[in-house]
Amino acid sequence: MTRPDEKPPPKVCLSIAGLDPSGGAGILTDVKTFMAFGCYGAAAVTSVTFQNTVGVFGAEHQSAESVRRQVEPIFDDLTVDAVKTGMLPTEEVIIETARMMRSYGVEKLVVDPVVRSTSGFDLIDNAALRAMVEHLFPLASVVTPNLPEAERLTGIAIETVEDIVECARIIRSFGVQNVLIKGGHFDGAKGEARRATDHLFIGEDHIAIDGEYHKTTATHGTGCTMAAAITANLALGEELLKAVEIAKVFVNNAIRNAPMIGKGHSPIGIRPISR
Ligand code: PXL
């Protein structure tokens with residue numbers, strides 16, 4: 001079939017993550033973000049969560065077979081340019097996801113090691129976290145922990161930038177090529193204006209990416225949006241550093257444009273970017 005507008009087909013991004021039916025995080029946010037960058041978004045559900053802006057009230061995890069039966073037809077049919085993983089709730093789902101990434105030869109893979117919701121609900125168990133480190137991290141183009149996730153992965157209590165560097169060293173020792181430790185939760189030095197600086201470790205290089213800190217409750221879905229925006233930009237052919245920089249500006253704008261809906265942490269405002 002020829003395309004009516006004769007434009008080249010869009011880049012295809014796939015999210016393998018949880019469903020937040022209220023649309024603040026997870027696959028709905030990922031697909032909105034893929035679309036904002038002009039990519040085509042596909043998604044496989046790993047867990048149906050029950051939540052709104054106030055909190056997470058529970059979750060029904062999918063089996064590894066369910067995830068496989070969602071993902072296989074997508075790869076059999078579409079050319080997938082990049083994949084993002086988010087909430088992978090169990091060891092079996094992680095092992096199956098890693099197996100599929102290897103078998104389909106996925107080269108652009110963003111792994112967001114989602115551990116806990118903003119409201120404090122544990123989204124994966126310890127065995128799953130160990131499996132993610134062992135099976136999925138070595139396949140990732142980049143792993144994108146926030147500070148609590150970096151602490152949980154390494155056992156380090158982060159208080160200084162040196163602690164962040166040490167976390168990155170440990171995470172890389174798990175066989176990860178590139179790590180982005182997101183600094184939105186970092187208080188910084190006392191007396192200094194608070195910034196949201198992210199730390200990207202590419203090979204041996206450490207690049208600090210400065211950003212504005214917003215004092216706001218509208219932070220639900222920032223992590224998903226950041227990882228999805230990186231995924232879209234990798235799919236579009238950007239280098240990792242450029243993809244992270246573009247994603248950072250995108251999330252910043254989305255926080256500024258938050259719709260401020262709901263009684264808890266408002267979702268952020270994901271809007272198409274103008275090219
Ligand atoms: O932001 C972490 C996250 C990721 N994925 C799903 C979630 C959450 C937080 O609530 O529900 C599905």
# chains A, B, ... in the order shown; residues from 1 in each chain; ligands from 1

$ residues_near_ligand --ligand "ligand 1" --cutoff "10 Å" --atoms "only C-alpha atoms and all ligand atoms" --output "compact mmCIF listing (two decimals) with C-alpha atoms, in the first residue's frame"
# COMPACT_ATOMS: atom_id res chain seq x y z
CA ILE A 16 6.48 -2.59 27.41
CA ALA A 17 5.15 -1.27 30.71
CA GLY A 18 2.25 -0.98 33.11
CA LEU A 19 -1.17 0.55 32.48
CA ASP A 20 -2.11 3.51 34.63
CA PRO A 21 -5.77 3.89 33.63
CA SER A 22 -5.80 7.50 34.85
CA GLY A 23 -3.28 8.31 32.13
CA GLY A 24 -0.60 9.87 34.32
CA ALA A 25 2.13 7.25 33.93
CA GLY A 26 2.86 3.98 32.15
CA ILE A 27 1.95 3.05 28.60
CA LEU A 28 -0.64 5.79 28.03
CA THR A 29 1.96 8.42 28.86
CA ASP A 30 4.56 6.62 26.76
CA VAL A 45 0.80 -4.18 29.12
CA THR A 46 2.81 -5.88 31.85
CA SER A 47 0.49 -5.01 34.72
CA VAL A 48 -2.94 -3.46 35.04
CA THR A 49 -2.63 -1.02 37.93
CA PHE A 50 -5.52 0.54 39.81
CA GLN A 51 -4.78 4.17 40.50
CA ASN A 52 -5.50 7.85 40.10
CA THR A 53 -3.53 11.02 40.86
CA VAL A 54 -3.85 10.35 44.60
CA GLY A 55 -2.34 6.89 44.79
CA VAL A 56 -1.91 3.34 43.54
CA PHE A 57 -4.52 1.00 45.04
CA GLY A 58 -3.31 -2.29 43.60
CA ALA A 59 -2.20 -4.10 40.48
CA THR A 85 10.57 -0.82 29.18
CA GLY A 86 8.89 0.55 32.29
CA MET A 87 7.13 -1.37 35.05
CA LEU A 88 8.19 -5.02 34.65
CA PRO A 89 6.59 -6.48 37.76
CA ASP A 112 13.46 2.68 33.02
CA PRO A 113 14.00 0.66 36.23
CA VAL A 114 10.63 1.51 37.77
CA VAL A 115 10.55 0.40 41.38
CA ARG A 116 8.00 2.43 43.32
CA SER A 117 5.22 4.92 42.55
CA THR A 118 5.48 8.54 43.70
CA SER A 119 2.86 7.66 46.31
CA GLY A 120 5.03 4.84 47.73
CA PHE A 121 3.45 1.73 46.16
CA ASP A 122 6.00 -1.02 45.33
CA LEU A 123 5.61 -1.76 41.64
CA THR A 219 5.26 15.25 38.83
CA HIS A 220 3.22 12.11 38.13
CA GLY A 221 4.67 10.44 35.05
CA THR A 222 7.84 12.51 34.72
CA GLY A 223 10.05 9.40 34.72
CA CYS A 224 7.97 7.59 32.11
CA THR A 225 7.84 10.69 29.93

$ closest_atom_pairs --of "region 30-141 of chain A" --to "region 164-186 of chain A" --cutoff "7 Å" --atoms "only C-alpha atoms" --output "Markdown table"
| residue | atom | partner | partner_atom | distance |
| --- | --- | --- | --- | --- |
| A:Val133 | CA | A:Phe174 | CA | 6.6 |
| A:Phe137 | CA | A:Val176 | CA | 5.5 |
| A:Pro138 | CA | A:Gly175 | CA | 5.0 |
| A:Ala140 | CA | A:Val176 | CA | 6.7 |
| A:Ser141 | CA | A:Asn178 | CA | 6.4 |

$ write_last_selection --atoms "all heavy atoms" --output "PDB file, in the first residue's frame"
ATOM      1  N   VAL A 133      18.423  -6.430  36.657  1.00  0.00           N
ATOM      2  CA  VAL A 133      19.857  -6.117  36.612  1.00  0.00           C
ATOM      3  C   VAL A 133      20.595  -7.184  35.800  1.00  0.00           C
ATOM      4  O   VAL A 133      21.411  -6.875  34.929  1.00  0.00           O
ATOM      5  CB  VAL A 133      20.417  -6.029  38.051  1.00  0.00           C
ATOM      6  CG1 VAL A 133      21.942  -5.984  38.035  1.00  0.00           C
ATOM      7  CG2 VAL A 133      19.838  -4.818  38.777  1.00  0.00           C
ATOM      8  N   PHE A 137      19.541  -5.246  31.991  1.00  0.00           N
ATOM      9  CA  PHE A 137      20.509  -4.138  31.976  1.00  0.00           C
ATOM     10  C   PHE A 137      21.573  -4.314  30.890  1.00  0.00           C
ATOM     11  O   PHE A 137      21.900  -3.356  30.196  1.00  0.00           O
ATOM     12  CB  PHE A 137      21.163  -3.985  33.355  1.00  0.00           C
ATOM     13  CG  PHE A 137      20.374  -3.139  34.339  1.00  0.00           C
ATOM     14  CD1 PHE A 137      19.015  -2.935  34.185  1.00  0.00           C
ATOM     15  CD2 PHE A 137      21.012  -2.544  35.422  1.00  0.00           C
ATOM     16  CE1 PHE A 137      18.296  -2.161  35.092  1.00  0.00           C
ATOM     17  CE2 PHE A 137      20.302  -1.760  36.325  1.00  0.00           C
ATOM     18  CZ  PHE A 137      18.944  -1.566  36.167  1.00  0.00           C
ATOM     19  N   PRO A 138      22.142  -5.509  30.704  1.00  0.00           N
ATOM     20  CA  PRO A 138      23.209  -5.634  29.696  1.00  0.00           C
ATOM     21  C   PRO A 138      22.728  -5.377  28.265  1.00  0.00           C
ATOM     22  O   PRO A 138      23.542  -5.153  27.377  1.00  0.00           O
ATOM     23  CB  PRO A 138      23.674  -7.087  29.853  1.00  0.00           C
ATOM     24  CG  PRO A 138      23.241  -7.488  31.218  1.00  0.00           C
ATOM     25  CD  PRO A 138      21.966  -6.747  31.477  1.00  0.00           C
ATOM     26  N   ALA A 140      20.574  -2.902  27.484  1.00  0.00           N
ATOM     27  CA  ALA A 140      20.034  -1.540  27.386  1.00  0.00           C
ATOM     28  C   ALA A 140      20.999  -0.572  26.707  1.00  0.00           C
ATOM     29  O   ALA A 140      22.209  -0.618  26.947  1.00  0.00           O
ATOM     30  CB  ALA A 140      19.708  -1.024  28.785  1.00  0.00           C
ATOM     31  N   SER A 141      20.447   0.339  25.887  1.00  0.00           N
ATOM     32  CA  SER A 141      21.251   1.462  25.371  1.00  0.00           C
ATOM     33  C   SER A 141      21.501   2.436  26.501  1.00  0.00           C
ATOM     34  O   SER A 141      22.545   3.070  26.583  1.00  0.00           O
ATOM     35  CB  SER A 141      20.489   2.201  24.264  1.00  0.00           C
ATOM     36  OG  SER A 141      19.960   1.308  23.332  1.00  0.00           O
TER      37      SER A 141
END

$ residues_around --residues "Pro10 (chain A)" --least-positions-apart "6" --cutoff "9 Å" --atoms "only C-alpha atoms" --output "list of chain:residue names"
A:Gly38, A:Cys39, A:Tyr40, A:Leu236

$ write_last_selection --atoms "N, CA, C and O atoms" --output "mmCIF file, in the first residue's frame"
data_model
loop_
_atom_site.group_PDB
_atom_site.id
_atom_site.type_symbol
_atom_site.label_atom_id
_atom_site.label_comp_id
_atom_site.auth_asym_id
_atom_site.auth_seq_id
_atom_site.Cartn_x
_atom_site.Cartn_y
_atom_site.Cartn_z
ATOM 1 N N GLY A 38 6.163 12.707 16.866
ATOM 2 C CA GLY A 38 5.857 12.277 15.500
ATOM 3 C C GLY A 38 6.137 10.806 15.247
ATOM 4 O O GLY A 38 6.130 10.356 14.101
ATOM 5 N N CYS A 39 6.372 10.023 16.319
ATOM 6 C CA CYS A 39 6.577 8.584 16.148
ATOM 7 C C CYS A 39 5.236 7.864 16.262
ATOM 8 O O CYS A 39 4.269 8.400 16.816
ATOM 9 N N TYR A 40 5.202 6.640 15.771
ATOM 10 C CA TYR A 40 4.032 5.786 15.951
ATOM 11 C C TYR A 40 4.242 5.006 17.248
ATOM 12 O O TYR A 40 5.316 4.442 17.466
ATOM 13 N N LEU A 236 14.347 8.271 16.202
ATOM 14 C CA LEU A 236 14.476 9.272 15.132
ATOM 15 C C LEU A 236 15.920 9.421 14.656
ATOM 16 O O LEU A 236 16.192 10.182 13.726
#

$ closest_residue --among "A:Ile270, A:Asp125, A:Ser63, A:Leu14" --to "Phe75 (chain A)" --atoms "only C-alpha atoms"
A:Leu14

$ atom_distance --atom1 "CA of Lys248 (chain A)" --atom2 "CA of Val143 (chain A)"
15.0 Å

$ atom_distance --atom1 "CA of Val93 (chain A)" --atom2 "CA of Ala128 (chain A)"
8.5 Å

$ closest_residue --among "A:Ala64, A:Ala36, A:Val249, A:Leu109" --to "Arg271 (chain A)" --atoms "only C-alpha atoms"
A:Ala36

$ select_by_dssp --residues "region 27-202 of chain A" --states "alpha helix (DSSP H)" --output "ChimeraX atom specification"
/A:27-36,64-77,91-103,126-131,147-154,161-173

$ closest_residue --among "A:Met100, A:Ala196, A:Cys13, A:Val244" --to "Thr33 (chain A)" --atoms "only C-alpha atoms"
A:Cys13

$ decode --residues "region 152-174 of chain A" --atoms "N, CA, C and O atoms" --output "PDB file, in the first residue's frame"
ATOM      1  N   ARG A 152      18.291   2.219  45.557  1.00  0.00           N
ATOM      2  CA  ARG A 152      17.824   0.832  45.745  1.00  0.00           C
ATOM      3  C   ARG A 152      18.690  -0.140  44.953  1.00  0.00           C
ATOM      4  O   ARG A 152      18.997  -1.235  45.397  1.00  0.00           O
ATOM      5  N   LEU A 153      19.141   0.287  43.770  1.00  0.00           N
ATOM      6  CA  LEU A 153      19.958  -0.591  42.927  1.00  0.00           C
ATOM      7  C   LEU A 153      21.357  -0.789  43.490  1.00  0.00           C
ATOM      8  O   LEU A 153      21.977  -1.834  43.261  1.00  0.00           O
ATOM      9  N   THR A 154      21.866   0.213  44.201  1.00  0.00           N
ATOM     10  CA  THR A 154      23.273   0.163  44.614  1.00  0.00           C
ATOM     11  C   THR A 154      23.465   0.026  46.120  1.00  0.00           C
ATOM     12  O   THR A 154      24.577  -0.283  46.568  1.00  0.00           O
ATOM     13  N   GLY A 155      22.437   0.334  46.903  1.00  0.00           N
ATOM     14  CA  GLY A 155      22.585   0.323  48.365  1.00  0.00           C
ATOM     15  C   GLY A 155      23.285   1.561  48.900  1.00  0.00           C
ATOM     16  O   GLY A 155      23.618   1.629  50.081  1.00  0.00           O
ATOM     17  N   ILE A 156      23.502   2.566  48.034  1.00  0.00           N
ATOM     18  CA  ILE A 156      24.163   3.800  48.478  1.00  0.00           C
ATOM     19  C   ILE A 156      23.112   4.851  48.843  1.00  0.00           C
ATOM     20  O   ILE A 156      22.117   4.988  48.124  1.00  0.00           O
ATOM     21  N   ALA A 157      23.310   5.564  49.943  1.00  0.00           N
ATOM     22  CA  ALA A 157      22.439   6.696  50.280  1.00  0.00           C
ATOM     23  C   ALA A 157      23.024   7.938  49.618  1.00  0.00           C
ATOM     24  O   ALA A 157      24.140   8.354  49.951  1.00  0.00           O
ATOM     25  N   ILE A 158      22.304   8.502  48.669  1.00  0.00           N
ATOM     26  CA  ILE A 158      22.875   9.601  47.881  1.00  0.00           C
ATOM     27  C   ILE A 158      22.692  10.936  48.601  1.00  0.00           C
ATOM     28  O   ILE A 158      21.570  11.354  48.866  1.00  0.00           O
ATOM     29  N   GLU A 159      23.845  11.567  48.879  1.00  0.00           N
ATOM     30  CA  GLU A 159      23.785  12.900  49.504  1.00  0.00           C
ATOM     31  C   GLU A 159      24.568  13.936  48.699  1.00  0.00           C
ATOM     32  O   GLU A 159      24.315  15.123  48.810  1.00  0.00           O
ATOM     33  N   THR A 160      25.513  13.466  47.907  1.00  0.00           N
ATOM     34  CA  THR A 160      26.379  14.393  47.158  1.00  0.00           C
ATOM     35  C   THR A 160      26.498  13.918  45.706  1.00  0.00           C
ATOM     36  O   THR A 160      26.114  12.791  45.378  1.00  0.00           O
ATOM     37  N   VAL A 161      27.073  14.801  44.894  1.00  0.00           N
ATOM     38  CA  VAL A 161      27.302  14.425  43.488  1.00  0.00           C
ATOM     39  C   VAL A 161      28.282  13.249  43.412  1.00  0.00           C
ATOM     40  O   VAL A 161      28.151  12.370  42.555  1.00  0.00           O
ATOM     41  N   GLU A 162      29.243  13.210  44.347  1.00  0.00           N
ATOM     42  CA  GLU A 162      30.197  12.085  44.369  1.00  0.00           C
ATOM     43  C   GLU A 162      29.449  10.757  44.581  1.00  0.00           C
ATOM     44  O   GLU A 162      29.821   9.732  44.010  1.00  0.00           O
ATOM     45  N   ASP A 163      28.411  10.801  45.405  1.00  0.00           N
ATOM     46  CA  ASP A 163      27.607   9.584  45.612  1.00  0.00           C
ATOM     47  C   ASP A 163      26.934   9.156  44.299  1.00  0.00           C
ATOM     48  O   ASP A 163      26.820   7.959  44.008  1.00  0.00           O
ATOM     49  N   ILE A 164      26.488  10.147  43.528  1.00  0.00           N
ATOM     50  CA  ILE A 164      25.841   9.840  42.240  1.00  0.00           C
ATOM     51  C   ILE A 164      26.857   9.168  41.307  1.00  0.00           C
ATOM     52  O   ILE A 164      26.551   8.176  40.633  1.00  0.00           O
ATOM     53  N   VAL A 165      28.087   9.707  41.307  1.00  0.00           N
ATOM     54  CA  VAL A 165      29.158   9.128  40.461  1.00  0.00           C
ATOM     55  C   VAL A 165      29.429   7.687  40.892  1.00  0.00           C
ATOM     56  O   VAL A 165      29.581   6.786  40.051  1.00  0.00           O
ATOM     57  N   GLU A 166      29.455   7.449  42.204  1.00  0.00           N
ATOM     58  CA  GLU A 166      29.716   6.101  42.717  1.00  0.00           C
ATOM     59  C   GLU A 166      28.565   5.155  42.327  1.00  0.00           C
ATOM     60  O   GLU A 166      28.793   4.002  41.940  1.00  0.00           O
ATOM     61  N   CYS A 167      27.334   5.656  42.414  1.00  0.00           N
ATOM     62  CA  CYS A 167      26.175   4.841  41.980  1.00  0.00           C
ATOM     63  C   CYS A 167      26.323   4.443  40.515  1.00  0.00           C
ATOM     64  O   CYS A 167      26.072   3.294  40.148  1.00  0.00           O
ATOM     65  N   ALA A 168      26.711   5.414  39.701  1.00  0.00           N
ATOM     66  CA  ALA A 168      26.853   5.138  38.264  1.00  0.00           C
ATOM     67  C   ALA A 168      27.926   4.082  38.032  1.00  0.00           C
ATOM     68  O   ALA A 168      27.770   3.179  37.203  1.00  0.00           O
ATOM     69  N   ARG A 169      29.016   4.185  38.820  1.00  0.00           N
ATOM     70  CA  ARG A 169      30.106   3.196  38.669  1.00  0.00           C
ATOM     71  C   ARG A 169      29.575   1.790  38.980  1.00  0.00           C
ATOM     72  O   ARG A 169      29.818   0.846  38.240  1.00  0.00           O
ATOM     73  N   ILE A 170      28.807   1.694  40.064  1.00  0.00           N
ATOM     74  CA  ILE A 170      28.278   0.379  40.459  1.00  0.00           C
ATOM     75  C   ILE A 170      27.275  -0.130  39.417  1.00  0.00           C
ATOM     76  O   ILE A 170      27.322  -1.297  39.012  1.00  0.00           O
ATOM     77  N   ILE A 171      26.395   0.773  38.962  1.00  0.00           N
ATOM     78  CA  ILE A 171      25.384   0.337  37.979  1.00  0.00           C
ATOM     79  C   ILE A 171      26.080  -0.119  36.692  1.00  0.00           C
ATOM     80  O   ILE A 171      25.709  -1.121  36.086  1.00  0.00           O
ATOM     81  N   ARG A 172      27.153   0.597  36.318  1.00  0.00           N
ATOM     82  CA  ARG A 172      27.871   0.168  35.112  1.00  0.00           C
ATOM     83  C   ARG A 172      28.561  -1.168  35.321  1.00  0.00           C
ATOM     84  O   ARG A 172      28.732  -1.943  34.380  1.00  0.00           O
ATOM     85  N   SER A 173      28.941  -1.426  36.565  1.00  0.00           N
ATOM     86  CA  SER A 173      29.602  -2.721  36.830  1.00  0.00           C
ATOM     87  C   SER A 173      28.620  -3.883  36.656  1.00  0.00           C
ATOM     88  O   SER A 173      29.006  -5.039  36.589  1.00  0.00           O
ATOM     89  N   PHE A 174      27.311  -3.572  36.575  1.00  0.00           N
ATOM     90  CA  PHE A 174      26.314  -4.611  36.276  1.00  0.00           C
ATOM     91  C   PHE A 174      26.264  -4.931  34.775  1.00  0.00           C
ATOM     92  O   PHE A 174      25.392  -5.669  34.326  1.00  0.00           O
TER      93      PHE A 174
END
